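Visitor: Sharing work.cif here; it has mmCIF, C-alpha atoms.
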data_data
#
loop_
_atom_site.label_atom_id
_atom_site.label_comp_id
_atom_site.auth_asym_id
_atom_site.auth_seq_id
_atom_site.Cartn_x
_atom_site.Cartn_y
_atom_site.Cartn_z
CA MET A 1 49.44 -28.66 -110.30
CA ILE A 2 46.50 -30.48 -111.88
CA ALA A 3 43.68 -28.04 -111.14
CA VAL A 4 44.22 -25.24 -113.61
CA GLU A 5 41.80 -23.80 -116.09
CA ASN A 6 42.06 -23.23 -119.83
CA ILE A 7 44.09 -26.32 -120.55
CA ASN A 8 44.32 -27.68 -124.05
CA VAL A 9 42.96 -31.16 -123.42
CA GLY A 10 44.28 -32.77 -126.60
CA GLN A 11 47.79 -31.51 -125.99
CA GLN A 12 47.58 -32.63 -122.39
CA VAL A 13 46.42 -36.16 -123.25
CA GLY A 14 49.10 -36.46 -125.92
CA PHE A 15 51.74 -35.36 -123.48
CA GLY A 16 50.54 -37.86 -120.88
CA ILE A 17 50.52 -40.84 -123.22
CA ILE A 18 53.94 -40.03 -124.68
CA ALA A 19 55.43 -39.32 -121.26
CA LEU A 20 54.14 -42.63 -119.86
CA MET A 21 55.55 -44.48 -122.87
CA MET A 22 58.92 -42.79 -122.42
CA ILE A 23 59.13 -43.57 -118.70
CA VAL A 24 58.19 -47.23 -119.20
CA GLY A 25 60.71 -47.47 -122.04
CA ALA A 26 63.45 -45.83 -119.97
CA ILE A 27 62.86 -48.24 -117.08
CA ARG A 28 63.03 -51.16 -119.51
CA VAL A 29 66.33 -49.79 -120.89
CA VAL A 30 67.99 -49.85 -117.47
CA THR A 31 66.48 -53.15 -116.25
CA ASN A 32 66.43 -55.36 -119.35
CA LYS A 33 68.56 -58.50 -119.31
CA ASN A 34 69.03 -58.47 -123.07
CA VAL A 35 71.36 -55.90 -124.67
CA VAL A 36 69.56 -55.83 -128.03
CA HIS A 37 66.15 -55.43 -126.38
CA ALA A 38 67.53 -52.58 -124.25
CA ALA A 39 68.72 -50.84 -127.43
CA LEU A 40 65.30 -51.28 -129.04
CA TRP A 41 63.54 -49.88 -125.96
CA LEU A 42 65.90 -46.91 -126.20
CA VAL A 43 64.39 -46.23 -129.65
CA VAL A 44 60.96 -45.86 -127.98
CA VAL A 45 62.37 -43.30 -125.53
CA LEU A 46 64.17 -41.33 -128.24
CA ALA A 47 61.11 -41.27 -130.52
CA GLY A 48 58.99 -40.12 -127.58
CA ALA A 49 61.51 -37.36 -126.91
CA ALA A 50 61.18 -36.25 -130.55
CA ALA A 51 57.39 -36.09 -130.09
CA GLN A 52 57.81 -34.01 -126.95
CA TYR A 53 60.04 -31.60 -128.87
CA LEU A 54 57.18 -31.18 -131.36
CA LEU A 55 54.82 -30.38 -128.47
CA LEU A 56 57.38 -27.78 -127.38
CA ALA A 57 57.22 -26.17 -130.85
CA ALA A 58 60.79 -27.12 -131.77
CA GLU A 59 60.22 -28.96 -135.02
CA PHE A 60 63.77 -28.67 -136.38
CA VAL A 61 65.23 -30.16 -133.21
CA ALA A 62 62.66 -32.97 -133.40
CA VAL A 63 63.65 -33.83 -136.98
CA THR A 64 67.34 -33.69 -136.01
CA GLN A 65 66.62 -35.99 -133.08
CA VAL A 66 65.05 -38.56 -135.40
CA LEU A 67 67.87 -38.32 -137.94
CA VAL A 68 70.80 -38.34 -135.52
CA TYR A 69 69.58 -40.50 -132.65
CA ILE A 70 67.22 -43.01 -134.21
CA GLY A 71 69.11 -43.05 -137.50
CA ALA A 72 72.76 -42.95 -136.54
CA VAL A 73 73.26 -43.51 -132.81
CA MET A 74 71.05 -46.59 -132.64
CA VAL A 75 72.91 -48.17 -135.56
CA LEU A 76 76.16 -47.46 -133.70
CA PHE A 77 74.78 -49.13 -130.57
CA LEU A 78 73.63 -52.20 -132.48
CA PHE A 79 77.01 -52.41 -134.22
CA GLY A 80 78.75 -52.06 -130.85
CA THR A 81 76.63 -54.90 -129.48
CA MET A 82 77.43 -57.03 -132.50
CA LEU A 83 81.17 -56.36 -132.59
CA THR A 84 81.68 -56.99 -128.88
CA ARG A 85 79.86 -60.31 -129.31
CA SER A 86 77.49 -59.75 -126.43
CA LYS A 87 75.25 -62.71 -125.80
CA VAL A 88 72.21 -62.55 -128.06
CA GLY A 89 69.78 -64.02 -125.54
CA ASN A 90 69.35 -63.10 -121.91
CA ASP A 91 72.56 -62.35 -120.04
CA GLU A 92 72.58 -62.41 -116.25
CA ASN A 93 75.96 -60.68 -116.08
CA LEU A 94 74.93 -57.16 -117.12
CA ASP A 95 74.43 -55.58 -113.70
CA ASN A 96 76.76 -54.87 -110.80
CA ARG A 97 76.40 -57.08 -107.76
CA ASN A 98 74.28 -55.19 -105.19
CA GLY A 99 74.07 -52.29 -107.65
CA ALA A 100 70.34 -51.81 -107.04
CA MET A 101 71.01 -51.36 -103.33
CA ILE A 102 72.96 -48.18 -104.12
CA GLY A 103 71.19 -47.20 -107.32
CA ILE A 104 67.58 -47.14 -106.11
CA PRO A 105 68.21 -44.90 -103.05
CA VAL A 106 70.39 -42.51 -105.06
CA ALA A 107 67.85 -42.24 -107.88
CA LEU A 108 64.89 -41.78 -105.51
CA LEU A 109 66.73 -39.17 -103.45
CA LEU A 110 67.69 -37.28 -106.61
CA LEU A 111 64.13 -37.49 -107.92
CA GLY A 112 62.70 -36.26 -104.62
CA THR A 113 65.05 -33.31 -104.49
CA LEU A 114 64.44 -32.33 -108.10
CA THR A 115 60.66 -32.71 -107.79
CA TYR A 116 60.57 -30.61 -104.63
CA GLY A 117 62.68 -27.87 -106.19
CA LEU A 118 60.82 -27.80 -109.50
CA LEU A 119 57.34 -27.81 -108.00
CA LYS A 120 58.34 -25.13 -105.53
CA THR A 121 59.80 -22.88 -108.21
CA TYR A 122 57.41 -23.41 -111.15
CA LYS A 123 54.24 -24.19 -109.22
CA ALA A 124 51.62 -23.47 -111.87
CA GLU A 125 53.48 -21.42 -114.44
CA ARG A 126 52.07 -21.89 -117.91
CA LEU A 127 53.87 -22.30 -121.15
CA PRO A 128 52.77 -19.46 -123.43
CA LEU A 129 50.50 -20.44 -126.31
CA LYS A 130 52.43 -18.48 -128.90
CA ASN A 131 50.93 -17.37 -132.17
CA THR A 132 54.22 -17.22 -134.03
CA PRO A 133 56.56 -20.07 -133.14
CA PHE A 134 60.23 -19.80 -134.00
CA ASN A 135 61.02 -20.73 -137.55
CA ILE A 136 64.15 -22.35 -138.90
CA GLN A 137 65.44 -19.04 -140.21
CA GLN A 138 65.60 -17.61 -136.70
CA LEU A 139 67.31 -20.78 -135.50
CA SER A 140 69.97 -20.60 -138.22
CA ASP A 141 70.45 -16.88 -137.55
CA SER A 142 71.08 -17.75 -133.93
CA ILE A 143 73.55 -20.51 -134.77
CA PHE A 144 75.47 -18.62 -137.44
CA SER A 145 75.64 -15.23 -135.79
CA HIS A 146 75.34 -15.22 -132.04
CA TYR A 147 76.61 -18.74 -131.39
CA LEU A 148 79.12 -18.93 -134.25
CA LEU A 149 82.17 -19.55 -132.06
CA PRO A 150 80.62 -22.60 -130.32
CA PHE A 151 79.65 -23.83 -133.79
CA TRP A 152 83.29 -23.72 -134.89
CA ALA A 153 84.36 -25.43 -131.70
CA LEU A 154 81.74 -28.10 -132.34
CA SER A 155 83.05 -28.73 -135.83
CA PHE A 156 86.50 -29.37 -134.34
CA VAL A 157 84.93 -31.69 -131.75
CA LEU A 158 83.28 -33.70 -134.51
CA LEU A 159 86.51 -33.81 -136.55
CA ALA A 160 88.46 -34.98 -133.51
CA ALA A 161 85.78 -37.57 -132.74
CA VAL A 162 85.88 -38.98 -136.29
CA ILE A 163 89.69 -39.19 -136.34
CA GLY A 164 89.78 -40.52 -132.77
CA ALA A 165 87.24 -43.22 -133.47
CA ILE A 166 89.16 -44.38 -136.54
CA VAL A 167 92.50 -44.37 -134.69
CA LEU A 168 91.07 -46.25 -131.71
CA ALA A 169 89.11 -48.88 -133.58
CA ARG A 170 91.65 -49.54 -136.35
CA ARG A 171 93.36 -52.92 -136.40
CA ASP A 172 97.07 -52.35 -136.94
CA MET B 1 50.52 -26.81 -120.73
CA LEU B 2 52.37 -26.30 -117.49
CA ILE B 3 56.13 -25.97 -117.68
CA SER B 4 56.54 -28.20 -114.63
CA GLU B 5 55.13 -31.21 -116.51
CA PHE B 6 58.00 -31.11 -118.98
CA LEU B 7 60.55 -30.38 -116.26
CA LEU B 8 59.28 -33.30 -114.16
CA LEU B 9 59.44 -35.62 -117.17
CA GLY B 10 63.05 -34.51 -117.65
CA ALA B 11 63.77 -35.11 -113.96
CA VAL B 12 62.31 -38.64 -114.07
CA LEU B 13 64.32 -39.55 -117.17
CA PHE B 14 67.46 -38.07 -115.60
CA CYS B 15 67.04 -40.17 -112.45
CA ILE B 16 66.41 -43.35 -114.46
CA GLY B 17 69.59 -42.60 -116.42
CA VAL B 18 71.59 -42.08 -113.23
CA TYR B 19 70.22 -45.36 -111.89
CA GLY B 20 71.34 -47.08 -115.09
CA VAL B 21 74.85 -45.64 -114.87
CA ILE B 22 75.17 -46.88 -111.26
CA VAL B 23 73.64 -50.32 -111.74
CA ARG B 24 74.85 -51.45 -115.15
CA LYS B 25 78.16 -53.22 -115.64
CA ASN B 26 78.14 -53.66 -119.41
CA ALA B 27 79.85 -50.65 -121.04
CA VAL B 28 77.38 -50.41 -123.95
CA LEU B 29 74.45 -50.25 -121.53
CA VAL B 30 76.17 -47.50 -119.52
CA LEU B 31 76.48 -45.47 -122.74
CA MET B 32 72.74 -45.99 -123.36
CA SER B 33 71.97 -44.65 -119.87
CA ILE B 34 74.09 -41.58 -120.65
CA GLU B 35 71.93 -41.02 -123.74
CA LEU B 36 68.85 -41.01 -121.48
CA ILE B 37 70.45 -38.30 -119.33
CA LEU B 38 71.34 -36.16 -122.37
CA ASN B 39 67.78 -36.42 -123.69
CA SER B 40 66.31 -35.31 -120.39
CA VAL B 41 68.54 -32.23 -120.51
CA ASN B 42 67.31 -31.47 -124.02
CA ILE B 43 63.67 -31.61 -122.92
CA ASN B 44 64.48 -29.12 -120.17
CA LEU B 45 66.27 -26.75 -122.55
CA LEU B 46 63.41 -26.76 -125.06
CA ALA B 47 60.81 -26.20 -122.32
CA PHE B 48 62.71 -23.15 -121.09
CA SER B 49 63.18 -21.97 -124.68
CA LEU B 50 59.40 -21.93 -125.12
CA LYS B 51 58.73 -20.46 -121.70
CA TYR B 52 61.09 -17.50 -122.01
CA ASN B 53 60.57 -17.05 -125.76
CA ASP B 54 64.29 -17.35 -126.45
CA ILE B 55 65.75 -19.28 -129.39
CA SER B 56 69.01 -20.01 -127.53
CA GLY B 57 67.49 -23.11 -125.92
CA GLN B 58 66.92 -24.73 -129.30
CA THR B 59 70.46 -23.84 -130.37
CA PHE B 60 71.89 -25.46 -127.25
CA ALA B 61 69.73 -28.54 -127.80
CA LEU B 62 71.13 -28.94 -131.31
CA TYR B 63 74.69 -28.57 -129.98
CA ILE B 64 73.98 -31.18 -127.31
CA ILE B 65 72.73 -33.62 -129.96
CA ALA B 66 75.95 -33.10 -131.96
CA VAL B 67 78.19 -33.58 -128.92
CA ALA B 68 76.22 -36.69 -127.92
CA ALA B 69 76.77 -38.19 -131.37
CA ALA B 70 80.52 -37.55 -131.10
CA GLU B 71 80.54 -39.01 -127.60
CA VAL B 72 78.82 -42.22 -128.71
CA GLY B 73 81.25 -42.63 -131.63
CA VAL B 74 84.36 -42.29 -129.47
CA GLY B 75 82.80 -44.26 -126.61
CA LEU B 76 81.96 -47.25 -128.76
CA ALA B 77 85.43 -47.15 -130.34
CA LEU B 78 86.89 -47.31 -126.81
CA VAL B 79 84.58 -50.19 -125.90
CA LEU B 80 85.65 -52.03 -129.04
CA LEU B 81 89.33 -51.51 -128.17
CA ILE B 82 88.77 -52.76 -124.62
CA TYR B 83 86.92 -55.79 -125.95
CA ARG B 84 89.78 -56.55 -128.33
CA ASN B 85 92.36 -56.45 -125.54
CA LYS B 86 90.41 -58.13 -122.73
CA ARG B 87 87.66 -60.16 -124.47
CA ASN B 88 85.21 -58.61 -122.01
CA ILE B 89 83.43 -55.26 -121.61
CA SER B 90 82.53 -55.48 -117.93
CA LEU B 91 83.50 -52.18 -116.36
CA ASP B 92 84.59 -53.78 -113.07
CA GLU B 93 87.27 -55.78 -114.87
CA LEU B 94 89.15 -52.56 -115.71
CA SER B 95 90.99 -52.31 -112.40
CA GLU B 96 94.58 -51.77 -113.55
CA MET B 97 94.69 -48.30 -111.99
CA LYS B 98 93.62 -49.52 -108.57
CA GLY B 99 96.59 -49.28 -106.19
#
Could you render the structure as structure tokens?

Guide:
Amino acid sequence: MIAVENINVGQQVGFGIIALMMIVGAIRVVTNKNVVHAALWLVVVLAGAAAQYLLLAAEFVAVTQVLVYIGAVMVLFLFGTMLTRSKVGNDENLDNRNGAMIGIPVALLLLGTLTYGLLKTYKAERLPLKNTPFNIQQLSDSIFSHYLLPFWALSFVLLAAVIGAIVLARRD
Amino acid sequence: MLISEFLLLGAVLFCIGVYGVIVRKNAVLVLMSIELILNSVNINLLAFSLKYNDISGQTFALYIIAVAAAEVGVGLALVLLIYRNKRNISLDELSEMKG
């Protein structure tokens, strides 16, 4: 996998640094004893994901990721932490008893299976270095013509989510 | 760039997210682990979009982001409601449906 020619070194180094940052951040999210710190480590992972989308030539999705995830979802998480009055400092009661005994084997087994399958299928296939990346016009054409029906369905999902959230969280 | 680098990054994030869903007891932290899983799926979709030169992957990624936002909104409203009724958001306390 490593020994291929004609690699773009800068891109490769950028990918490696961001990927390492994301993996460390993700591990901190699932092991941290402090809810607020876990939420802040999640910001690192989400920002890294936005950078990876840029490397994959999907700039509109990257901007949307920053706006929706880092802007809105993180605020929701911090509000959720605040309103449920989770302990601000370290809390030893965040994990299941003996959860790691099940979780680590399941995660490693899943990772092994996925790695085997992916490396077997896409051994050294390259991503094309395209001269003309997709622009936003093509993306909007795709959303508003070919995938219009899912777009409508999605608008109903969002409407239902807004009304549902208000109905659930309202004090009556 | 090799496509398998991005796919492996997605696989690692997916497994960490699954580990979080299994291990965590606090409902807010379980929702955060689900966000990790959704992001790993998005990385996969965008990698395939670039590989096969098809814009559909980016469209799906945008739809996934929208659905994830809706999911977090409703999920946190549910967590808030559970907290209001039980003063606790540990998922193993919700055992009313156990026979």

Visitor: Any chance you could work out the residue set of the PyMOL selection byres ((chain A and resi 31) around 12) here, as a ChimeraX atom specification?

Guide: /A:24-30,32-35,37-39,41-42,90-92,94-96,99-100,103-104 /B:16-17,19-25,29-30,32-33

Visitor: With distances taken over all atoms listed in the file, which of B:Val72, B:Ile65, B:Ala27, B:Ile89 is nearest to Val63 in chain A?

Guide: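 Among the listed residues, the smallest separation from Val63 in chain A belongs to B:Ile65.
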
Visitor: If you measure from CA of Leu67 in chain A to CA of Val74 in chain B, what distance in Å do you get, rounded to one decimal?

Guide: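 Atom-to-atom, CA of Leu67 in chain A and CA of Val74 in chain B are spaced 19.0 Å apart.
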
Visitor: Using all atoms listed in the file, pick whichever of B:Gly57, B:Leu76, B:Ile37, B:Ile64 has the shortest atom-to-atom distance to chain A.

Guide: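 With all atoms listed in the file as the atom set, the closest residue is B:Leu76.
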
Visitor: Could you check how far CA of Leu158 in chain A sits from CA of Thr59 in chain B, in Å to one decimal?

Guide: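 For CA of Leu158 in chain A relative to CA of Thr59 in chain B, the distance reads 16.7 Å.
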
Visitor: List the residues matched by the PyMOL selection byres ((chain B and resi 79) around 8) in the displayed structure as a list in words, ordered by chain and then by residue number.

Guide: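 For this structure, the PyMOL selection byres ((chain B and resi 79) around 8) resolves to Gly80 and Thr84 of chain A; Ala27, Val28, Gly75, Leu76, Ala77, Leu78, Leu80, Leu81, Ile82, Tyr83 and Ile89 of chain B.
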
Visitor: Next, the residues of the selection above should be written as a PDB file, in the frame of the given file with C-alpha atoms.

Guide:
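See result_15.pdb below for the written result:
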ATOM      1  CA  GLY A  80      78.750 -52.060-130.850  1.00  0.00           C
ATOM      2  CA  THR A  84      81.680 -56.990-128.880  1.00  0.00           C
TER       3      THR A  84
ATOM      4  CA  ALA B  27      79.850 -50.650-121.040  1.00  0.00           C
ATOM      5  CA  VAL B  28      77.380 -50.410-123.950  1.00  0.00           C
ATOM      6  CA  GLY B  75      82.800 -44.260-126.610  1.00  0.00           C
ATOM      7  CA  LEU B  76      81.960 -47.250-128.760  1.00  0.00           C
ATOM      8  CA  ALA B  77      85.430 -47.150-130.340  1.00  0.00           C
ATOM      9  CA  LEU B  78      86.890 -47.310-126.810  1.00  0.00           C
ATOM     10  CA  LEU B  80      85.650 -52.030-129.040  1.00  0.00           C
ATOM     11  CA  LEU B  81      89.330 -51.510-128.170  1.00  0.00           C
ATOM     12  CA  ILE B  82      88.770 -52.760-124.620  1.00  0.00           C
ATOM     13  CA  TYR B  83      86.920 -55.790-125.950  1.00  0.00           C
ATOM     14  CA  ILE B  89      83.430 -55.260-121.610  1.00  0.00           C
TER      15      ILE B  89
END

Visitor: Between CA of Leu9 in chain B and CA of Leu40 in chain A, measure the distance and give it in Å to one decimal.

Guide: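 About the pair CA of Leu9 in chain B and CA of Leu40 in chain A: they are 20.5 Å apart.
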
Visitor: I'd like to see the residues matched by the PyMOL selection byres ((chain A and resi 52) around 10) on this file, and ideally I'd get them as a list in words.

Guide: Gly14, Phe15, Ile18, Ala19, Met22, Leu46, Ala47, Gly48, Ala49, Ala50, Ala51, Tyr53, Leu54, Leu55, Leu56, Ala57, Ala58, Glu59 and Ala62 of chain A; Phe6, Ile43, Leu46 and Ala47 of chain B

Visitor: Residues within 10 Å of Leu50 in chain B, please, as a PyMOL selection string. Count all atoms listed in the file; anything in the same chain fewer than 5 positions from it doesn't count.

Guide: (chain A and resi 56-58+127-130+133-134) or (chain B and resi 3+45+55+57-58)

Visitor: Which is closest to Val67 in chain B among B:Leu31, B:Glu96, B:Leu38, B:Glu5, if we use all atoms listed in the file?

Guide: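 Looking at the shortest contact to Val67 in chain B, the residue is B:Leu38.
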
Visitor: Which residue, A:Ala165, A:Val9, A:Asn98, A:Gly16, has the smallest gap to chain B when you use all atoms listed in the file?

Guide: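 Closest to chain B, using all atoms listed in the file: A:Ala165.
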
Visitor: Between A:Ala153, A:Leu139, A:Val43, A:Val13, single out the one closest to chain B, counting all atoms listed in the file.

Guide: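 Between A:Ala153, A:Leu139, A:Val43, A:Val13, the residue approaching chain B most closely is A:Leu139.
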
Visitor: What's the 9 Å shell around Leu8 in chain B, counting all atoms listed in the file, without same-chain residues fewer than 3 positions away, as a list in words?

Guide: Leu111, Leu114, Thr115, Leu118 and Leu119 of chain A; Ile3, Ser4, Glu5, Ala11, Val12, Leu13 and Asn44 of chain B

Visitor: When you count only C-alpha atoms, which of these residues is closest to Leu7 in chain B: B:Ser49, B:Ser40, B:Asn26, B:Ser95?

Guide: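 Smallest distance to Leu7 in chain B is found for B:Ser40.
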
Visitor: For the point (74.6, -24.6, -132.7) in file coordinates, what residues are within 6 Å, counting only C-alpha atoms? Give the answer as a list in words?

Guide: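 Neighbouring residues, ordered by chain and number, come to Ile143 and Phe151 of chain A; Thr59, Leu62 and Tyr63 of chain B.
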